Structures are given as C-alpha cells and as structure tokens.
Protein chains: 2
Amino acid sequence: MKPGKRVTLADVAAHAGVDRSVISRVMNSDPGLNIRPETRERVLASVKTLGYRPNAAARTLRTRQSRTFGLFIPDYANPVYAEIIKGAEAAAADRECVLVTGSGRVAGSAKPYLDLLADGRVDGLLLAGGVRASATLAALRESRMPWLLLNWSMTDATRHIVLDDEGAAAMAVEHLVSLGHRRIAHLAGPDGSDTASRRASGYRAAMRLHGRAPDPALVVRADYTADGGFQAMTELLGRTPRPTAVFVANVASAIGALRAAYRCGVAVPRELSIVAVHDLPLAEYLIPALTTVRMPLEELGRRGVEALTTTDPDTPVAETVDGPMELVLRESTAPPSA
Amino acid sequence: MKPGKRVTLADVAAHAGVDRSVISRVMNSDPGLNIRPETRERVLASVKTLGYRPNAAARTLRTRQSRTFGLFIPDYANPVYAEIIKGAEAAAADRECVLVTGSGRVAGSAKPYLDLLADGRVDGLLLAGGVRASATLAALRESRMPWLLLNWSMTDATRHIVLDDEGAAAMAVEHLVSLGHRRIAHLAGPDGSDTASRRASGYRAAMRLHGRAPDPALVVRADYTADGGFQAMTELLGRTPRPTAVFVANVASAIGALRAAYRCGVAVPRELSIVAVHDLPLAEYLIPALTTVRMPLEELGRRGVEALTTTDPDTPVAETVDGPMELVLRESTAPPSA
DNA sequence: TTGTATGCGTTATCAG
DNA sequence: CTGATAACGCATACAA
C-alpha cells in the first residue's frame with residue numbers, strides 16, 4: 001500500500017481526518033473515551049486499509065512496558081527445558097505478552113546475552129540455569145529489571161523458584177524399596193548443580209529412613225547427558241557388590257545408563273532396576289521403557305512468569321512449586337531377581 | 001546506587017558536566033569525534049559510577065534497528081531444532097545481535113506471536129516451520145520486516161533456505177542397497193511436511209536408480225514423533241512380505257520405530273535394518289545405536305541469519321545449504337540375514 | 001466529542 | 001572540541 005515507509009499514527013490520523021490521539025485511544029480502547037460511532041468507524045477503516053501496526057519501540061519507550069519476557073536456558077538440547085518453556089509461554093500468552101528464550105552463550109559466558117536483554121528489551125527475565133559467574137548475577141541486580149532463578153538457586157540469589165527435588169528422590173527410592181531392593185545406588189548429577197545436590201540429599205534421607213546408612217560407594221556423579229550417564233553407570237557396574245537398583249538423577253543420563261547396562265550385559269530390570277527423575281515423551285519408547293518420576297516442569301515455567309509479573313524486583317522469592325508429582329511405572333524397575 | 005529510577009543519558013551528562021550528545025558519541029565510539037582525553041576520561045568514569053546502560057527502546061526508536069532477530073519453531077521438544085538454534089545464535093552473536101526464539105502457539109495459531117514480533121521488535125524473523133495458514137504469511141509480508149522460511153517452503157513463499165533432503169534420502173537408501181537389501185521400506189513424514197515430501201521423493205528416486213519400482217505398500221506415513229514412528233512401524237511389520245530394511249524420515253520417529261520392532265519381536269539389525277535422517281547425541285545411546293544421516297542443521301541456522309542481514313526483504317531467496325552430509329554408521333544396519 | 005501539548009531516552013545534524 | 005536542538009512514534013493529561 002505504502003511505498004517503502006512504515007505507516008505511523010500520523011498517517012492514519014491524516015487518512016481518517018482526525019487527530020493522532022483519537023486513533024491511539026481507539027486502538028487502546030481507552031475506557032474514558034466518548035466517540036461518535038461514525039468516527040470510530042472511520043478510524044477503524046483507516047487503520048485497516050493502511051495496515052497500521054503500532055511501533056513496539058515507541059510504545060515501550062512511552063509506557064515503559066515491552067510486554068515481553070525473557071527466558072534464559074543453558075542448552076536447548078536438554079528436553080527438560082522444552083516443558084518449562086511451554087509453561088512459561090502459556091503464562092505469558094495469558095497476559096498477552098511474548099516469551100522469548102535464548103541460550104546465547106558467547107565465548108562461554110552468558111553475560112553478553114543478558115546484557116543485551118537488560119537494556120529494557122524485556123520486562124523480566126527468567127534464568128533456568130547456565131549462569132556461572134556470580135558477577136553476572138550482580139550485574140543483573142544492578143539493572144533494575146525483575147528477574148528470577150528457575151529450578152536452581154545461588155548462594156547470593158534471593159529470588160528463585162524450584163521443584164521439590166527431595167520429594168522426587170524420596171518417591172523414587174521409596175518405589176525401589178517397596179520392590180524389595182536393598183542395595184540402591186544413586187547416579188547423581190554434576191557437582192555444581194543445585195538440583196543434583198537436592199536430589200542427592202533426598203536420596204540419602206530416604207535411604208536413612210529405611211535403615212540404610214548412606215554408602216559413598218553407591219553414589220557416582222555424572223553430567224546431565226547421555227554420555228555422562230553412560231560413563232558413570234559403567235563405573236558403578238564395576239563395583240562389588242553390585243547394586244540391584246539405581247536412582248538416576250536425570251533422564252538424559254538415564255538413557256546413557258541404560259546403554260551402559262546393555263553394554264555390560266546386565267539385564268534391566270531383571271538384574272538391575274532403573275528409575276529416573278523427569279518424565280519425557282521419549283521415556284516410554286526406550287528399551288526397556290523407563291520408569292520415571294514426573295515433575296511439574298510446565299507448572300514451574302508458568303509460576304516463573306507469574307512471579308515475575310506479581311512481585312516487585314526487590315522482594316525475595318523462595319518458592320517450591322507444589323504441582324503434582326507422579327511415579328510413572330514402566331519396564332525398567334522390578335523386584336530384585338535373587 | 002540510584003534510588004528507584006533508571007539512569008539515563010541526561011543523568012550521566014549532568015554528572016560529568018557535559019552535554020548528552022557527548023556521552024552518546026563516546027559510547028558509540030563515533031569516528032568523527034575529537035574529544036579531549038581528560039573529558040573522555042570523565043565521561044567514562046561517570047558512566048561507570050552511575051552504572052549507565054543505554055535504553056534499548058529509545059535506541060531502537062531512533063535508529064530503527066533493534067539488533068535482535070527472531071526464530072520461530074513449532075516445537076521445542078523436537079531436538080532437531082536445538083541444532084538449528086545453536087547455529088542461528090552463533091551467527092547473531094557474530095553480528096553483536098541477540099537471537100530470541102519462540103514457539104508461542106496460542107490457541108493453536110502462531111499468528112498472535114508473530115504479530116507481536118512484527119511490531120518492530122525484531123530486525124528479522126526466521127520461520128522454521130509451524131506456520132499453517134497462508135494468511136499468516138500474507139500478514140508477515142505486509143509487515144515490511146525481513147523474514148525467511150527455514151527448512152521448508154510454501155507454494156507462495158519466495159524466501160526460503162532448505163537442506164538437501166533428497167541427497168540425504170539417497171545416502172540412506174544407497175547404504176541399505178550396498179548392504180544387499182532389496183525390500184527397502186520408507187517410514188515417511190507427515191502429509192503436509194515439506195521435508196517429508198523431499199525425503200520421500202529422494203527415496204523413490206534412489207530406489208528407481210537401483211531398478212526397484214516404488215512400491216506404495218512399502219511407504220507408510222507418520223508424524224515426526226516417537227509415537228508416530230511406533231504406530232507406522234507396527235503397521236509396516238504387519239505387511240507381507242516384510243521389508244528387510246527401513247529408511248525412516250526422522251530421528252524421533254526412529255526411536256518409536258525401534259521400539260515397535262522390539263515389541264513385535266523383530267531383531268534389529270538382524271531381521272530389520274533401520275537408518276534415519278538427522279544425527280543427534282542421543283542416537284549413539286539407543287539400543288541398538290542408530291545409524292543416521294547427519295545433516296548440517298547448525299549451518300542451516302547460521303545461513304538463516306546471514307541471509308536475513310544481507311538480502312533485502314523483497315528479493316527472493318531459494319537456497320540449499322551445501323554443508324557436509326555424512327552417514328553415521330552404528331548398530332542398526334547390517335546385511336540382510338537370509 | 002475531539003484536539004493540543006508534552007515527554008519517554010536516544011541519535012544525528014547542526015552551530016559555536 | 002563541545003553544546004543546543006530536532007526528530008523517532010506513541011500515550012496521556014488537559015484544554016476546548
């Protein structure tokens with residue numbers, strides 16, 4: 001319609017023969033606006049024929065609201081984040097906002113990426129891990145932008161929402177115990193990981209509860225990757241006496257763990273039961289299908305943007321999502337064979 | 001430092017005792033600027049002590065550049081997109097830009113999400129599938145914003161970058177043929193999918209090349225999901241005579257296909273060979289480990305933002321990424337047993 | 001019922 | 001070498 005330029009409020013005003021402010025108020029459906037129906041008609045028509053779209057930058061500058069939230073994740077390849085994003089996007093949509101996500105670690109650091117977002121591009125930022133340096137966090141705090149840690153926390157971070165990882169671990173161990181297992185190992189997450197340490201402590205607590213003193217020889221650390229799980233499980237299977245069951249802290253590691261058992265000729269679940277945290281569509285199709293603890297990841301994402309919109313940046317947030325957790329029984333767990 | 005307000009250019013100017021424009025030019029390292037070293041020193045000091053950060057909205061309004069690109073994907077759960085995003089983020093970072101991605105399909109449509117981005121929030125938009133209605137595309141075209149279809153195309157879309165899906169299919173079939181297979185089936189992608197039809201046609205061409213007339217009974221359609229693959233493979237295994245090998249259009253389906261074979265008591269690769277398109281970290285850990293064709297997904301993402309920055313929105317783009325493709329040999333393929 | 005005026009925080013084009 | 005000034009496109013209090 002227009003040759004090359006973007007159509008602006010002034011264009012529409014000229015076309016409709018009214019003032020810019022009228023157009024603005026019509027578009028924002030200003031409640032305190034009495035307008036003659038025919039005029040509104042004319043305005044709407046002009047908007048449509050010219051294809052007017054309000055400029056986001058101008059609007060943001062004026063209102064100090066971008067109607068956009070950011071979500072930072074460490075790695076798109078980890079399917080766990082897919083669920084979190086889903087919930088966060090839904091919650092944003094409910095508020096007529098966009099949720100954009102990024103993992104942009106330039107030169108190994110998340111900082112450049114976060115800096116860009118902190119310039120007022122988003123109304124709030126969710127950080128689902130991946131921020132190493134606490135200097136990055138400090139910079140964030142300076143930026144007067146609401147932010148929130150999702151699914152982890154840092155010693156000096158006062159705003160975070162997590163899941164009940166202890167509870168999930170307890171659920172898994174409980175299940176194995178009820179099947180009759182006594183030597184239950186833990187394939188734990190990596191060293192720095194917050195979820196990993198909570199799941200590990202949940203494991204220890206549950207073991208103690210059932211009169212089993214925590215045995216360091218039964219705990220092996222691994223990255224939250226298939227490769228990490230493979231290596232850790234291989235190591236675990238070399239130890240004697242071998243555990244009859246393993247609680248794996250993460251579903252990605254579990255895939256590698258499954259493979260390691262297969263590789264070592266250990267039959268799952270006959271000789272070894274495996275249960276992992278996080279249920280994924282994938283789990284059902286593994287061989288054997290993986291028994292998991294389903295956690296409310298989507299709810300976590302949803303709560304994240306909710307908290308971003310409702311709390312002001314300075315008040316502490318320390319919440320544990322209390323969505324439903326569920327043990328999803330499949331083929332990888334069974335009573336010990338002997 | 002400051003009580004509640006964001007610190008602006010004017011604040012810094014006052015603090016340094018110079019004009020706003022000076023600060024601006026220092027920050028943007030304006031080449032045509034002669035400034036006394038001591039003044040520059042003072043400016044830089046003020047910027048630092050006040051913690052000044054330029055406001056993105058104001059800057060965007062003024063310069064008409066947001067230094068942000070958008071990437072729209074249909075589904076975060078599909079790990080294929082993780083690789084595309086990786087490449088796109090890297091390319092954006094090279095240009096000191098942010099890449100934000102979203103799948104925000106509200107109420108089944110991508111339109112609300114795309115509308116929001118089209119308001120000048122991003123300098124360009126990459127669409128990696130998921131846009132159903134061609135009306136959405138039309139709206140996009142109106143918006144005078146550079147955009148590009150990634151890994152697919154539409155009849156009325158003149159700007160797209162794809163991969164060599166025919167070539168990948170040929171590679172897979174070639175491999176199976178060279179192992180001695182004759183009854184080679186194709187577990188194809190869903191009906192509307194662009195990549196699916198290219199891979200299917202590549203399959204047919206390769207079959208013809210080796211003197212095998214395409215047999216419709218050897219082709220089954222499935223969603224690009226584990227569940228889809230499971231169902232399709234189950235159906236395929238019910239047909240007689242059974243194929244000795246299957247070329248699966250997508251790695252997610254392949255996981256389901258593997259499970260279906262297991263469920264039907266068909267040994268892979270002894271009784272049935274399986275090769276799939278797209279290599280993922282996961283493939284190596286499946287049981288049996290999956291033979292795949294690795295495609296340059298990361299390169300695809302990279303080329304996407306490159307094209308966004310270099311071509312103007314009106315010139316057609318029809319490119320096929322010519323990055324390296326590779327057959328990754330693992331355990332799921334072998335010569336036919338009889 | 002509609003129009004006017006002002007400012008949001010930058011950048012860019014001028015003067016001085 | 002540096003300062004004033006005018007946009008960028010929109011929203012809003014206020015005047016008419």
# chains A, B, ... in the order shown; residues from 1 in each chain; ligands from 1
>>> closest_atom_pairs(of="chain A", to="chain D", cutoff="7 Å", atoms="only C-alpha atoms (C1' of nucleotides)", output="tab-separated table")
residue	atom	partner	partner_atom	distance
A:Thr8	CA	D:DG9	C1'	6.9
A:Asn55	CA	D:DG9	C1'	6.6
A:Ala58	CA	D:DG9	C1'	5.1
A:Arg59	CA	D:DC10	C1'	5.4
A:Arg62	CA	D:DC10	C1'	6.5
>>> interface_residues(of="chain A", to="chain C", cutoff="8 Å", atoms="only C-alpha atoms (C1' of nucleotides)", output="VMD selection string")
chain A and resid 19 22 34 to 36 61 to 63
>>> residues_around(residues="Val305 of chain B", least_positions_apart="4", cutoff="7 Å", atoms="only C-alpha atoms (C1' of nucleotides)", output="list in words")
Ala88, Ala91, Ala92, Gly301 and Thr309 of chain B
>>> interface_residues(of="chain A", to="chain B", cutoff="7 Å", atoms="only C-alpha atoms", output="compact mmCIF listing (two decimals) with C-alpha atoms, in the first residue's frame")
# COMPACT_ATOMS: atom_id res chain seq x y z
CA ARG A 53 0.64 -1.55 13.30
CA PRO A 54 1.77 0.35 16.40
CA ASN A 55 5.53 0.58 16.72
CA ALA A 56 6.71 -1.51 19.62
CA ALA A 57 9.78 0.56 20.36
CA ALA A 58 7.87 3.81 20.61
CA THR A 60 7.83 0.66 25.01
CA LEU A 61 9.65 3.94 25.38
CA TYR A 76 18.26 -26.38 24.01
CA ALA A 77 19.32 -29.98 23.56
CA PRO A 79 14.47 -31.81 26.55
CA ALA A 82 11.10 -27.80 26.47
CA GLU A 89 4.99 -19.31 27.04
CA ALA A 93 0.26 -15.58 26.41
CA VAL A 98 5.54 -12.73 24.36
CA LEU A 99 8.05 -15.03 25.91
CA VAL A 100 11.35 -15.20 24.10
CA THR A 101 14.01 -17.64 25.02
CA GLY A 102 17.72 -17.75 24.42
CA GLY A 104 23.19 -17.36 23.75
CA VAL A 106 29.01 -16.07 23.56
CA TYR A 113 23.45 -12.03 26.03
CA ASP A 119 18.67 -2.82 28.30
CA GLY A 120 14.94 -2.70 28.75
CA ARG A 121 14.20 -5.11 25.95
CA ALA A 226 23.65 -39.43 27.94
CA ILE A 255 19.46 -43.08 28.59
CA GLY A 256 23.22 -43.45 28.79
CA ARG A 259 23.02 -48.25 27.32
CA LEU A 282 10.72 -40.31 24.96
CA TYR A 285 9.88 -45.67 23.90
CA LEU A 286 13.22 -46.56 25.34
CA ILE A 287 14.14 -50.22 25.60
>>> closest_residue(among="B:Ala185, B:Val131, B:Met171, B:Ala217", to="Leu150 of chain B", atoms="only C-alpha atoms")
B:Val131
>>> select_by_dssp(residues="segment 134-312 of chain A", states="strand (DSSP E)", output="list in words")
Trp147, Leu148, Leu149, Leu150, Arg159, His160, Ile161, Val162, Ile184, Ala185, His186, Leu187, Ala188, Val219, Val220, Arg221, Ala245, Val246, Phe247, Val248, Ser273, Ile274, Val275, Ala276, Val277, Thr291, Thr292, Val293 and Arg294 of chain A
>>> atom_distance(atom1="atom CA of Asp215 of chain A", atom2="atom CA of Leu236 of chain A")
12.7 Å
>>> atom_distance(atom1="atom CA of Ser273 of chain B", atom2="atom CA of Ala196 of chain B")
20.2 Å
>>> atom_distance(atom1="atom CA of Glu331 of chain A", atom2="atom CA of Val162 of chain A")
28.9 Å
>>> residues_around(residues="Gly323 of chain B", least_positions_apart="6", cutoff="12 Å", atoms="only C-alpha atoms (C1' of nucleotides)", output="list of chain:residue names")
B:Val162, B:Leu163, B:Asp164, B:Gly167, B:Ala168, B:Arg294, B:Met295, B:Pro296, B:Leu297, B:Glu298, B:Glu299, B:Leu300, B:Gly301, B:Arg302, B:Arg303
>>> write_last_selection(atoms="N, CA and C atoms", output="PDB file, in the first residue's frame")
ATOM      1  N   VAL B 162      16.724 -24.323   2.558  1.00  0.00           N
ATOM      2  CA  VAL B 162      16.441 -25.701   2.953  1.00  0.00           C
ATOM      3  C   VAL B 162      17.722 -26.541   2.939  1.00  0.00           C
ATOM      4  N   LEU B 163      17.575 -27.763   3.363  1.00  0.00           N
ATOM      5  CA  LEU B 163      18.695 -28.698   3.313  1.00  0.00           C
ATOM      6  C   LEU B 163      18.503 -29.652   2.138  1.00  0.00           C
ATOM      7  N   ASP B 164      19.524 -30.389   1.836  1.00  0.00           N
ATOM      8  CA  ASP B 164      19.442 -31.314   0.708  1.00  0.00           C
ATOM      9  C   ASP B 164      18.808 -32.630   1.158  1.00  0.00           C
ATOM     10  N   GLY B 167      19.170 -35.584  -1.186  1.00  0.00           N
ATOM     11  CA  GLY B 167      20.502 -36.159  -1.075  1.00  0.00           C
ATOM     12  C   GLY B 167      20.642 -37.046   0.147  1.00  0.00           C
ATOM     13  N   ALA B 168      20.067 -36.591   1.259  1.00  0.00           N
ATOM     14  CA  ALA B 168      20.151 -37.382   2.488  1.00  0.00           C
ATOM     15  C   ALA B 168      19.428 -38.708   2.313  1.00  0.00           C
ATOM     16  N   ARG B 294      23.738 -37.554   9.015  1.00  0.00           N
ATOM     17  CA  ARG B 294      23.916 -36.274   9.695  1.00  0.00           C
ATOM     18  C   ARG B 294      23.786 -35.140   8.687  1.00  0.00           C
ATOM     19  N   MET B 295      22.948 -34.188   9.014  1.00  0.00           N
ATOM     20  CA  MET B 295      22.760 -33.056   8.108  1.00  0.00           C
ATOM     21  C   MET B 295      23.236 -31.771   8.770  1.00  0.00           C
ATOM     22  N   PRO B 296      23.616 -30.788   7.977  1.00  0.00           N
ATOM     23  CA  PRO B 296      24.192 -29.547   8.534  1.00  0.00           C
ATOM     24  C   PRO B 296      23.136 -28.613   9.105  1.00  0.00           C
ATOM     25  N   LEU B 297      22.532 -29.026  10.180  1.00  0.00           N
ATOM     26  CA  LEU B 297      21.460 -28.238  10.787  1.00  0.00           C
ATOM     27  C   LEU B 297      21.971 -26.928  11.356  1.00  0.00           C
ATOM     28  N   GLU B 298      23.106 -27.004  12.002  1.00  0.00           N
ATOM     29  CA  GLU B 298      23.671 -25.811  12.597  1.00  0.00           C
ATOM     30  C   GLU B 298      23.982 -24.784  11.501  1.00  0.00           C
ATOM     31  N   GLU B 299      24.535 -25.287  10.430  1.00  0.00           N
ATOM     32  CA  GLU B 299      24.845 -24.427   9.295  1.00  0.00           C
ATOM     33  C   GLU B 299      23.582 -23.783   8.732  1.00  0.00           C
ATOM     34  N   LEU B 300      22.512 -24.535   8.761  1.00  0.00           N
ATOM     35  CA  LEU B 300      21.231 -24.006   8.287  1.00  0.00           C
ATOM     36  C   LEU B 300      20.823 -22.774   9.099  1.00  0.00           C
ATOM     37  N   GLY B 301      20.925 -22.894  10.420  1.00  0.00           N
ATOM     38  CA  GLY B 301      20.590 -21.768  11.280  1.00  0.00           C
ATOM     39  C   GLY B 301      21.496 -20.577  11.009  1.00  0.00           C
ATOM     40  N   ARG B 302      22.747 -20.867  10.855  1.00  0.00           N
ATOM     41  CA  ARG B 302      23.728 -19.820  10.588  1.00  0.00           C
ATOM     42  C   ARG B 302      23.413 -19.087   9.291  1.00  0.00           C
ATOM     43  N   ARG B 303      23.184 -19.845   8.245  1.00  0.00           N
ATOM     44  CA  ARG B 303      22.859 -19.247   6.953  1.00  0.00           C
ATOM     45  C   ARG B 303      21.588 -18.414   7.047  1.00  0.00           C
TER      46      ARG B 303
END
>>> residues_around(residues="Asp312 of chain A", least_positions_apart="3", cutoff="12 Å", atoms="only C-alpha atoms (C1' of nucleotides)", output="short mmCIF file (atom, residue, chain, number, x, y, z; two decimals) with N, CA and C atoms, in the first residue's frame")
data_model
loop_
_atom_site.label_atom_id
_atom_site.label_comp_id
_atom_site.auth_asym_id
_atom_site.auth_seq_id
_atom_site.Cartn_x
_atom_site.Cartn_y
_atom_site.Cartn_z
N ASP A 123 10.56 -7.12 30.04
CA ASP A 123 10.01 -6.65 31.31
C ASP A 123 10.47 -7.51 32.47
N GLY A 124 11.09 -8.61 32.16
CA GLY A 124 11.53 -9.50 33.22
C GLY A 124 12.28 -10.68 32.63
N ARG A 144 17.95 -3.13 37.63
CA ARG A 144 16.59 -2.74 37.96
C ARG A 144 15.54 -3.45 37.12
N MET A 145 15.83 -4.66 36.72
CA MET A 145 14.87 -5.42 35.94
C MET A 145 14.47 -6.65 36.75
N PRO A 146 13.17 -6.94 36.80
CA PRO A 146 12.76 -8.12 37.55
C PRO A 146 13.38 -9.38 36.97
N TRP A 147 13.94 -10.20 37.81
CA TRP A 147 14.49 -11.47 37.34
C TRP A 147 14.27 -12.51 38.41
N LEU A 148 14.54 -13.74 38.03
CA LEU A 148 14.16 -14.86 38.86
C LEU A 148 14.94 -16.08 38.43
N ARG A 159 16.01 -14.62 44.86
CA ARG A 159 14.74 -14.83 44.14
C ARG A 159 14.80 -16.09 43.29
N GLU A 306 4.51 -15.84 36.27
CA GLU A 306 3.56 -15.28 37.22
C GLU A 306 4.28 -14.46 38.28
N ALA A 307 5.29 -15.06 38.86
CA ALA A 307 6.03 -14.37 39.92
C ALA A 307 6.69 -13.10 39.38
N LEU A 308 7.12 -13.17 38.14
CA LEU A 308 7.75 -12.01 37.52
C LEU A 308 6.78 -10.84 37.43
N THR A 309 5.54 -11.14 37.16
CA THR A 309 4.57 -10.08 36.98
C THR A 309 3.97 -9.59 38.29
N THR A 315 11.62 -7.70 46.38
CA THR A 315 11.16 -8.64 47.40
C THR A 315 11.69 -10.03 47.10
N PRO A 316 12.15 -10.70 48.13
CA PRO A 316 12.68 -12.06 47.95
C PRO A 316 11.57 -13.02 47.52
N VAL A 317 11.96 -14.00 46.74
CA VAL A 317 11.05 -15.08 46.36
C VAL A 317 11.77 -16.39 46.60
N GLY B 4 15.41 4.71 42.72
CA GLY B 4 14.48 3.80 42.06
C GLY B 4 14.48 3.92 40.55
#
>>> select_by_dssp(residues="segment 271-314 of chain B", states="alpha helix (DSSP H)", output="list of chain:residue names")
B:Leu297, B:Glu298, B:Glu299, B:Leu300, B:Gly301, B:Arg302, B:Arg303, B:Gly304, B:Val305, B:Glu306, B:Ala307, B:Leu308, B:Thr309, B:Thr310
>>> write_last_selection(atoms="C-alpha atoms", output="CSV table (one decimal), in the first residue's frame")
chain,number,residue,atom,x,y,z
B,297,LEU,CA,21.5,-28.2,10.8
B,298,GLU,CA,23.7,-25.8,12.6
B,299,GLU,CA,24.8,-24.4,9.3
B,300,LEU,CA,21.2,-24.0,8.3
B,301,GLY,CA,20.6,-21.8,11.3
B,302,ARG,CA,23.7,-19.8,10.6
B,303,ARG,CA,22.9,-19.2,7.0
B,304,GLY,CA,19.4,-18.1,8.0
B,305,VAL,CA,20.5,-15.1,10.0
B,306,GLU,CA,23.2,-14.4,7.4
B,307,ALA,CA,20.6,-14.2,4.7
B,308,LEU,CA,18.4,-12.1,6.9
B,309,THR,CA,21.1,-9.5,7.3
B,310,THR,CA,22.4,-9.5,3.7
